[in-house]
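Pasted below: input_11.cif, mmCIF, C-alpha atoms.
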data_protein
loop_
_atom_site.label_atom_id
_atom_site.label_comp_id
_atom_site.auth_asym_id
_atom_site.auth_seq_id
_atom_site.Cartn_x
_atom_site.Cartn_y
_atom_site.Cartn_z
CA MET C 1 29.78 12.70 191.16
CA LYS C 2 31.26 16.13 191.90
CA LYS C 3 29.41 18.51 194.21
CA ILE C 4 28.55 22.15 193.77
CA TYR C 5 27.52 23.89 196.96
CA ILE C 6 25.35 26.98 197.43
CA ASN C 7 25.79 29.19 200.48
CA GLY C 8 22.35 28.96 202.12
CA ARG C 9 22.80 31.51 204.87
CA PHE C 10 20.09 33.57 203.10
CA LEU C 11 17.52 31.01 204.32
CA THR C 12 18.14 32.26 207.88
CA GLN C 13 17.35 35.89 206.97
CA ASN C 14 14.22 37.92 206.31
CA ILE C 15 13.42 38.49 202.65
CA THR C 16 14.77 41.74 201.24
CA GLY C 17 16.16 42.38 197.77
CA VAL C 18 19.36 40.40 198.29
CA GLN C 19 17.57 37.37 199.72
CA ARG C 20 14.96 37.56 196.96
CA TYR C 21 17.77 37.36 194.44
CA ALA C 22 19.18 34.23 196.10
CA VAL C 23 15.81 32.49 196.38
CA GLU C 24 14.85 33.13 192.76
CA MET C 25 18.34 32.25 191.52
CA VAL C 26 18.18 28.88 193.28
CA LYS C 27 14.66 28.19 192.00
CA ALA C 28 15.74 28.97 188.44
CA LEU C 29 18.78 26.70 188.70
CA ASP C 30 16.58 23.95 190.11
CA ARG C 31 14.13 24.21 187.18
CA HIS C 32 16.91 24.03 184.59
CA LEU C 33 18.44 20.98 186.26
CA ASP C 34 15.32 19.03 185.25
CA THR C 35 16.74 18.83 181.73
CA ASP C 36 20.33 20.13 181.85
CA GLU C 37 23.11 17.57 181.41
CA LEU C 38 25.00 19.15 184.31
CA SER C 39 22.61 17.34 186.67
CA SER C 40 24.28 14.07 185.65
CA LYS C 41 27.75 15.46 186.35
CA TYR C 42 27.24 17.49 189.51
CA LYS C 43 25.22 17.18 192.68
CA PHE C 44 23.92 20.60 193.75
CA GLU C 45 23.38 21.22 197.47
CA ILE C 46 22.37 24.24 199.54
CA VAL C 47 24.35 24.32 202.77
CA CYS C 48 22.90 26.41 205.59
CA PRO C 49 23.00 26.92 209.36
CA LYS C 50 20.34 25.32 211.53
CA ASN C 51 18.44 28.53 212.35
CA ILE C 52 16.58 28.77 209.01
CA LYS C 53 13.49 30.99 208.61
CA GLN C 54 12.66 30.52 204.94
CA LYS C 55 11.33 27.36 203.30
CA ILE C 56 11.93 26.70 199.64
CA GLU C 57 10.58 23.79 197.57
CA LEU C 58 13.13 22.29 195.17
CA ASN C 59 13.27 19.13 193.05
CA ASN C 60 16.93 18.79 192.15
CA ILE C 61 18.85 20.74 194.77
CA LYS C 62 19.13 19.32 198.26
CA ILE C 63 19.18 21.46 201.42
CA LYS C 64 21.51 20.45 204.22
CA GLN C 65 21.83 22.13 207.62
CA ILE C 66 25.26 21.90 209.20
CA GLY C 67 27.26 23.22 212.14
CA ILE C 68 26.49 24.92 215.42
CA LEU C 69 27.44 28.51 214.60
CA LYS C 70 25.35 31.29 213.07
CA GLY C 71 25.78 34.34 210.85
CA HIS C 72 29.24 35.47 209.76
CA LEU C 73 31.01 32.96 212.01
CA TRP C 74 29.19 30.06 210.38
CA GLU C 75 29.92 31.50 206.95
CA GLN C 76 33.60 32.11 207.58
CA ILE C 77 34.42 28.93 209.54
CA GLU C 78 32.00 26.05 209.19
CA LEU C 79 30.88 26.61 205.59
CA PRO C 80 34.38 26.49 203.98
CA LEU C 81 35.38 23.53 206.13
CA TYR C 82 32.34 21.64 204.90
CA ALA C 83 32.67 22.68 201.25
CA LYS C 84 36.39 21.81 201.21
CA SER C 85 37.68 21.80 197.61
CA ASN C 86 34.21 21.68 196.02
CA PHE C 87 32.89 24.71 194.15
CA LEU C 88 30.73 27.17 196.11
CA PHE C 89 28.19 29.76 194.97
CA ASN C 90 27.47 32.78 197.20
CA PHE C 91 24.55 34.97 196.08
CA CYS C 92 24.28 37.54 198.91
CA ASN C 93 27.45 39.68 198.95
CA CYS C 94 29.22 37.57 201.58
CA ALA C 95 31.54 34.59 201.12
CA PRO C 96 34.20 32.75 203.18
CA LEU C 97 37.51 34.57 202.81
CA ILE C 98 39.71 31.48 203.10
CA LYS C 99 38.13 29.73 200.11
CA LYS C 100 39.26 30.37 196.55
CA ASN C 101 37.19 27.91 194.51
CA GLN C 102 33.96 29.92 194.57
CA VAL C 103 31.88 32.70 193.02
CA VAL C 104 30.24 35.55 194.92
CA THR C 105 27.57 37.99 193.81
CA ILE C 106 28.46 41.49 195.00
CA HIS C 107 25.35 43.51 194.28
CA ASP C 108 26.79 47.02 194.59
CA ALA C 109 29.41 49.21 196.21
CA ALA C 110 27.02 51.09 198.49
CA VAL C 111 29.29 50.76 201.54
CA CYS C 112 31.71 53.09 199.76
CA ALA C 113 29.35 55.20 197.68
CA VAL C 114 26.87 55.98 200.51
CA PRO C 115 28.83 55.27 203.72
CA GLU C 116 26.39 57.27 205.85
CA ALA C 117 23.83 54.52 205.35
CA TYR C 118 25.87 52.00 207.34
CA SER C 119 27.51 51.66 210.73
CA PHE C 120 31.28 51.97 211.09
CA LEU C 121 31.80 48.27 211.86
CA PHE C 122 29.54 47.23 208.98
CA ARG C 123 31.55 49.38 206.56
CA ILE C 124 34.89 48.05 207.79
CA TRP C 125 33.84 44.42 207.51
CA TYR C 126 32.27 44.66 204.06
CA LYS C 127 35.03 46.80 202.59
CA THR C 128 37.63 44.33 203.86
CA MET C 129 35.65 41.37 202.56
CA PHE C 130 35.10 42.88 199.11
CA TYR C 131 38.78 43.79 198.74
CA ILE C 132 39.91 40.27 199.64
CA LEU C 133 37.30 38.47 197.56
CA GLY C 134 37.96 40.72 194.58
CA TYR C 135 41.65 39.88 194.76
CA ARG C 136 41.38 36.14 195.48
CA LEU C 137 38.51 35.01 193.27
CA ASN C 138 38.59 34.46 189.53
CA ARG C 139 34.96 35.41 188.98
CA ILE C 140 32.51 37.88 190.52
CA PHE C 141 28.82 38.31 189.65
CA THR C 142 27.07 41.67 189.84
CA ASP C 143 23.69 43.10 188.81
CA SER C 144 24.45 45.83 186.26
CA MET C 145 27.14 47.46 184.17
CA PHE C 146 26.95 50.36 186.60
CA SER C 147 27.78 48.09 189.54
CA LYS C 148 30.57 46.47 187.56
CA GLN C 149 32.25 49.85 187.14
CA GLU C 150 31.62 50.69 190.81
CA LEU C 151 33.31 47.48 192.00
CA HIS C 152 36.30 48.31 189.84
CA LYS C 153 36.34 51.92 191.03
CA TYR C 154 36.17 51.26 194.77
CA PHE C 155 37.74 47.81 195.16
CA PHE C 156 40.04 47.69 192.12
CA ILE C 157 38.52 44.41 190.94
CA ASP C 158 39.68 43.48 187.44
CA LEU C 159 36.80 44.17 185.03
CA LYS C 160 37.55 40.88 183.25
CA LYS C 161 36.60 39.02 186.43
CA ILE C 162 33.15 40.57 186.71
CA ASP C 163 30.11 39.07 184.98
CA VAL C 164 26.95 41.20 184.76
CA ILE C 165 23.76 39.18 185.24
CA TYR C 166 20.53 41.18 185.23
CA LEU C 167 17.85 40.14 187.69
CA GLY C 168 14.46 38.62 186.82
CA VAL C 169 10.94 39.73 187.67
CA GLU C 170 8.49 36.96 186.71
CA HIS C 171 8.36 35.76 190.33
CA ILE C 172 5.92 38.57 191.09
CA LEU C 173 3.40 37.26 188.55
CA LYS C 174 3.17 33.94 190.40
CA ILE C 175 1.84 35.66 193.53
CA LYS C 176 -1.92 35.94 193.95
CA PRO C 177 -2.91 39.48 195.01
CA ASP C 178 -4.59 39.78 198.39
CA GLU C 179 -7.12 42.55 197.89
CA LYS C 180 -8.21 42.42 201.52
CA VAL C 181 -5.33 44.83 202.09
CA PHE C 182 -7.60 47.68 200.91
CA ASP C 183 -10.26 47.07 203.56
CA LYS C 184 -7.60 46.32 206.14
CA PHE C 185 -6.01 49.77 205.77
CA GLN C 186 -9.00 51.68 204.36
CA ILE C 187 -7.33 52.38 201.02
CA LYS C 188 -9.33 53.27 197.92
CA LYS C 189 -8.16 51.54 194.74
CA ASN C 190 -6.66 53.63 191.93
CA SER C 191 -6.40 56.70 194.15
CA TYR C 192 -2.94 56.58 195.75
CA ILE C 193 0.76 56.94 195.06
CA LEU C 194 2.69 53.89 196.27
CA ALA C 195 6.16 53.86 197.80
CA VAL C 196 8.21 51.53 200.00
CA SER C 197 9.65 53.10 203.13
CA SER C 198 13.21 52.94 204.41
CA LEU C 199 15.40 55.06 206.66
CA ASN C 200 18.42 54.23 204.52
CA PRO C 201 19.56 57.66 203.25
CA SER C 202 20.27 56.21 199.81
CA LYS C 203 16.55 55.52 199.35
CA ASN C 204 15.90 59.29 199.49
CA PHE C 205 12.59 58.86 201.28
CA LYS C 206 12.56 62.43 202.51
CA LEU C 207 11.88 63.49 198.91
CA ILE C 208 8.60 61.53 198.91
CA LEU C 209 7.49 63.11 202.18
CA LYS C 210 8.38 66.62 200.99
CA THR C 211 6.45 66.03 197.77
CA ALA C 212 3.43 64.71 199.66
CA LYS C 213 3.40 67.90 201.72
CA GLU C 214 3.11 69.91 198.48
CA MET C 215 0.25 67.68 197.23
CA PRO C 216 -2.34 67.69 200.07
CA ASP C 217 -5.11 66.39 197.79
CA THR C 218 -3.11 63.31 196.72
CA ASN C 219 -2.94 60.18 198.87
CA PHE C 220 0.40 58.47 199.45
CA VAL C 221 0.54 54.87 200.72
CA ILE C 222 3.83 53.84 202.29
CA ALA C 223 4.51 50.13 202.68
CA GLY C 224 7.43 48.82 204.69
CA GLY C 225 8.68 48.25 208.21
CA THR C 226 9.32 51.90 209.05
CA ASN C 227 6.48 53.85 210.69
CA SER C 228 5.58 57.54 210.70
CA SER C 229 6.90 58.26 214.21
CA ILE C 230 10.43 57.32 213.15
CA PHE C 231 10.35 59.73 210.22
CA LYS C 232 8.91 62.46 212.46
CA SER C 233 11.74 61.89 214.93
CA LYS C 234 14.17 62.57 212.07
CA GLY C 235 12.54 65.94 211.49
CA LEU C 236 10.86 64.87 208.23
CA PRO C 237 7.37 66.15 207.37
CA VAL C 238 4.60 63.55 207.71
CA THR C 239 1.29 65.03 206.54
CA ASP C 240 -2.26 63.71 206.81
CA ASN C 241 -2.29 62.50 203.21
CA VAL C 242 0.51 60.01 203.92
CA LYS C 243 -0.62 56.60 205.21
CA PHE C 244 1.99 54.26 206.67
CA ILE C 245 0.76 50.67 206.58
CA GLY C 246 3.89 48.92 207.87
CA TYR C 247 5.16 45.58 206.66
CA VAL C 248 3.06 43.88 203.97
CA ASN C 249 3.46 40.37 202.60
CA ASP C 250 4.03 39.61 198.93
CA GLU C 251 0.33 39.02 198.26
CA GLU C 252 -0.63 42.39 199.71
CA LEU C 253 2.20 44.15 197.89
CA VAL C 254 1.06 42.74 194.55
CA ALA C 255 -2.45 44.08 195.16
CA LEU C 256 -0.99 47.49 195.99
CA TYR C 257 1.10 47.50 192.80
CA LYS C 258 -1.94 46.50 190.76
CA TYR C 259 -4.17 49.38 191.87
CA ALA C 260 -1.67 52.19 192.48
CA SER C 261 -1.94 55.37 190.41
CA CYS C 262 1.83 55.21 190.21
CA PHE C 263 4.89 53.89 192.02
CA VAL C 264 7.72 56.20 193.10
CA TYR C 265 11.29 55.07 193.76
CA PRO C 266 13.65 58.08 193.99
CA SER C 267 16.78 56.26 195.23
CA LEU C 268 20.11 58.02 195.21
CA TYR C 269 22.07 54.78 194.81
CA GLU C 270 21.20 51.25 193.64
CA GLY C 271 22.99 48.29 192.13
CA PHE C 272 19.85 47.38 190.18
CA GLY C 273 16.57 48.17 191.99
CA ILE C 274 13.93 45.48 191.55
CA PRO C 275 10.74 47.11 193.01
CA PRO C 276 10.21 49.35 189.94
CA LEU C 277 10.34 46.27 187.71
CA GLU C 278 7.74 44.57 189.89
CA ALA C 279 5.44 47.57 189.62
CA MET C 280 5.92 47.84 185.87
CA VAL C 281 4.77 44.29 185.08
CA PHE C 282 1.40 45.24 186.62
CA ASN C 283 1.24 48.21 184.27
CA CYS C 284 1.78 50.59 187.17
CA PRO C 285 3.33 53.87 185.96
CA THR C 286 6.71 54.13 187.63
CA ILE C 287 8.79 57.17 188.52
CA VAL C 288 12.46 56.67 189.37
CA SER C 289 15.35 58.99 190.09
CA ASN C 290 17.85 60.22 187.53
CA ILE C 291 20.74 57.89 188.39
CA GLU C 292 22.91 55.92 185.98
CA VAL C 293 21.77 52.43 186.91
CA PHE C 294 18.10 53.27 186.34
CA LYS C 295 18.89 54.73 182.93
CA GLU C 296 20.75 51.50 182.14
CA VAL C 297 18.14 49.07 183.42
CA TYR C 298 14.88 50.84 182.68
CA SER C 299 15.69 52.89 179.59
CA ASN C 300 12.47 54.47 178.30
CA ASP C 301 10.09 52.23 180.27
CA VAL C 302 9.87 54.55 183.28
CA ILE C 303 9.58 58.26 183.99
CA ILE C 304 12.87 59.75 185.16
CA CYS C 305 12.81 62.58 187.69
CA ASP C 306 15.52 64.78 189.14
CA ASN C 307 16.11 64.45 192.87
CA ASN C 308 14.14 67.47 193.98
CA ASP C 309 10.58 67.78 195.25
CA PHE C 310 9.46 70.21 192.55
CA ASN C 311 10.42 67.83 189.75
CA LEU C 312 8.89 64.77 191.42
CA LEU C 313 5.68 66.73 192.05
CA ASN C 314 5.41 67.61 188.35
CA LYS C 315 6.12 64.03 187.29
CA ILE C 316 3.36 62.71 189.56
CA LYS C 317 0.93 65.29 188.18
CA TYR C 318 1.88 64.22 184.68
CA VAL C 319 1.25 60.53 185.44
CA LYS C 320 -2.10 61.31 187.02
CA SER C 321 -3.14 63.06 183.82
CA LEU C 322 -2.58 59.90 181.75
CA LYS C 323 -4.80 56.89 181.19
CA LYS C 324 -3.09 54.23 183.28
CA LYS C 325 -4.33 51.30 181.21
CA ASN C 326 -2.37 52.59 178.20
CA PHE C 327 0.79 53.53 180.06
CA TYR C 328 3.04 50.54 179.26
CA HIS C 329 0.86 48.20 177.19
CA LYS C 330 3.40 47.18 174.52
CA ASN C 331 6.44 47.14 176.82
CA VAL C 332 5.46 44.65 179.53
CA ASN C 333 6.23 41.53 177.49
CA ASP C 334 9.59 42.98 176.50
CA ILE C 335 10.34 43.58 180.19
CA LEU C 336 9.49 39.97 181.06
CA ILE C 337 11.71 38.66 178.26
CA LYS C 338 14.68 40.84 179.17
CA TYR C 339 14.48 40.39 182.95
CA SER C 340 13.83 36.68 183.44
CA TRP C 341 14.98 34.40 186.27
CA ASP C 342 14.90 31.44 183.87
CA LYS C 343 17.30 33.38 181.65
CA VAL C 344 19.46 34.06 184.72
CA GLY C 345 19.49 30.38 185.68
CA LYS C 346 20.55 29.32 182.20
CA THR C 347 23.30 31.93 182.17
CA VAL C 348 24.70 30.66 185.48
CA LEU C 349 24.68 27.04 184.30
CA ASP C 350 26.45 28.10 181.11
CA LEU C 351 29.06 29.88 183.21
CA ILE C 352 29.58 26.72 185.26
CA ARG C 353 30.62 24.94 182.07
CA ASN C 354 33.32 27.55 181.44
CA ILE C 355 34.67 27.98 184.95
CA GLU C 356 38.10 26.49 185.55
CA TYR C 357 37.82 24.94 188.98
CA GLU C 358 40.85 25.51 191.12
CA LYS C 359 41.70 22.94 193.72
#
Spell out the structure here as structure tokens.
Amino acid sequence: MKKIYINGRFLTQNITGVQRYAVEMVKALDRHLDTDELSSKYKFEIVCPKNIKQKIELNNIKIKQIGILKGHLWEQIELPLYAKSNFLFNFCNCAPLIKKNQVVTIHDAAVCAVPEAYSFLFRIWYKTMFYILGYRLNRIFTDSMFSKQELHKYFFIDLKKIDVIYLGVEHILKIKPDEKVFDKFQIKKNSYILAVSSLNPSKNFKLILKTAKEMPDTNFVIAGGTNSSIFKSKGLPVTDNVKFIGYVNDEELVALYKYASCFVYPSLYEGFGIPPLEAMVFNCPTIVSNIEVFKEVYSNDVIICDNNDFNLLNKIKYVKSLKKKNFYHKNVNDILIKYSWDKVGKTVLDLIRNIEYEK
């Protein structure tokens, strides 16, 4: 029986958007292998270093820890030596450069489009890697038509090589909300604007803080690892109506989505952007920035704002004037159908059938 390997380095990392993608992709593949005939032809195996942090329960895909190295060294040396001529999936931007018989998901071209968000060495490594992988590999996955064009623009990857696979969102509905988060941080339900903090310039967080300053009677709740002192040190305004609650787990985040007056996500650059989708399935009115990928992914299901504090302020006031329970209503089921991990898993298995494996 032939083997198909999955790069499991993501199991050694904290969960962010990229790791979430990998976890849900693997779970979806595992579910489909219960009935798909490919399970009789191929043995699927996640290969990872020994320093794993994340646990994942699977029925059809085995997890194997190998090697003594970690990080990029493990990925570039031990992983390809172990995989040999077998096919390899890489879901988190990185892949071994010496291997040709593989697919990699490159989520966006942010290292070129917003270079100020990354260190010099980070930019050099990822640019080099993307150039080489784009040239060597026969197939690349990405998250949106926007990202497909960006990969072609910055790395000259042939558009025929790039498959667009939209992300899913139903994972968030399987998480039970932990409403103790409201007592824990003294937050009143249905009375706050929710955002997720980041110092990455592409997330445009300064716009949220500037808007909060202009809305002293509106409470803003900021979830994420970054605290107020860091933003103050950057010279950004942090007013009394902004509450930083630090890192929250998935259960707490779901509760915050569920009872937020609205969710704001004014990014300047994204390859897809999954947090707005998560908010939307809980009928949380969502405001996103006026960038191409959001217009592609979210269409008329969100409120689009220009990237200035005056426009965001007016959009928030508009949302607050609406009856939240009627905001999406008819659109949520359509969102779940269009952005489904099960749909993603089936698409990937169908692609496996059409891939010409090169030895």
Using the chain letters and numbering of this document, enumerate as a count of residues only the residues selected by the PyMOL selection byres ((chain C and resi 9-12) around 12).
52
Stretch 36-38 of chain C: which residues within 12 Å, counting all atoms listed in the file, same-chain residues fewer than 2 positions away excluded, as a PyMOL selection string?
chain C and resi 1-4+28-34+40-44+60+345-346+348-353
Please tabulate, as JSON lines, the residues of stretch 177-256 of chain C that come within 8 Å of stretch 101-121 of chain C, each with its closest pair of atoms and the distance in Å to one decimal, counting all atoms listed in the file and ordering rows by chain, then residue number upward.
{"residue": "C:Asn200", "atom": "CA", "partner": "C:Ala117", "partner_atom": "CA", "distance": 5.5}
{"residue": "C:Pro201", "atom": "CA", "partner": "C:Ala117", "partner_atom": "CA", "distance": 5.7}
{"residue": "C:Ser202", "atom": "CA", "partner": "C:Val114", "partner_atom": "CA", "distance": 6.6}
Identify all residues satisfying the PyMOL selection byres ((chain C and resi 250) around 9) in the given file; provide them as a PyMOL selection string.
chain C and resi 172+175-178+248-249+251-255
Those residues with C-alpha atoms, as a short mmCIF file (atom, residue, chain, number, x, y, z; two decimals), in the coordinates of the input please?
data_model
loop_
_atom_site.label_atom_id
_atom_site.label_comp_id
_atom_site.auth_asym_id
_atom_site.auth_seq_id
_atom_site.Cartn_x
_atom_site.Cartn_y
_atom_site.Cartn_z
CA ILE C 172 5.92 38.57 191.09
CA ILE C 175 1.84 35.66 193.53
CA LYS C 176 -1.92 35.94 193.95
CA PRO C 177 -2.91 39.48 195.01
CA ASP C 178 -4.59 39.78 198.39
CA VAL C 248 3.06 43.88 203.97
CA ASN C 249 3.46 40.37 202.60
CA GLU C 251 0.33 39.02 198.26
CA GLU C 252 -0.63 42.39 199.71
CA LEU C 253 2.20 44.15 197.89
CA VAL C 254 1.06 42.74 194.55
CA ALA C 255 -2.45 44.08 195.16
#
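The space separating atom CA of C:Asn219 from atom CA of C:Leu194 comes to 8.8 Å.
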What is the atom CA of C:Tyr192-atom CA of C:Leu313 distance in Å, reported with one decimal?
13.8 Å
Between atom CA of C:Gly134 and atom CA of C:Phe294 - distance in Å to one decimal:
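Interatomic distance here is 24.9 Å.
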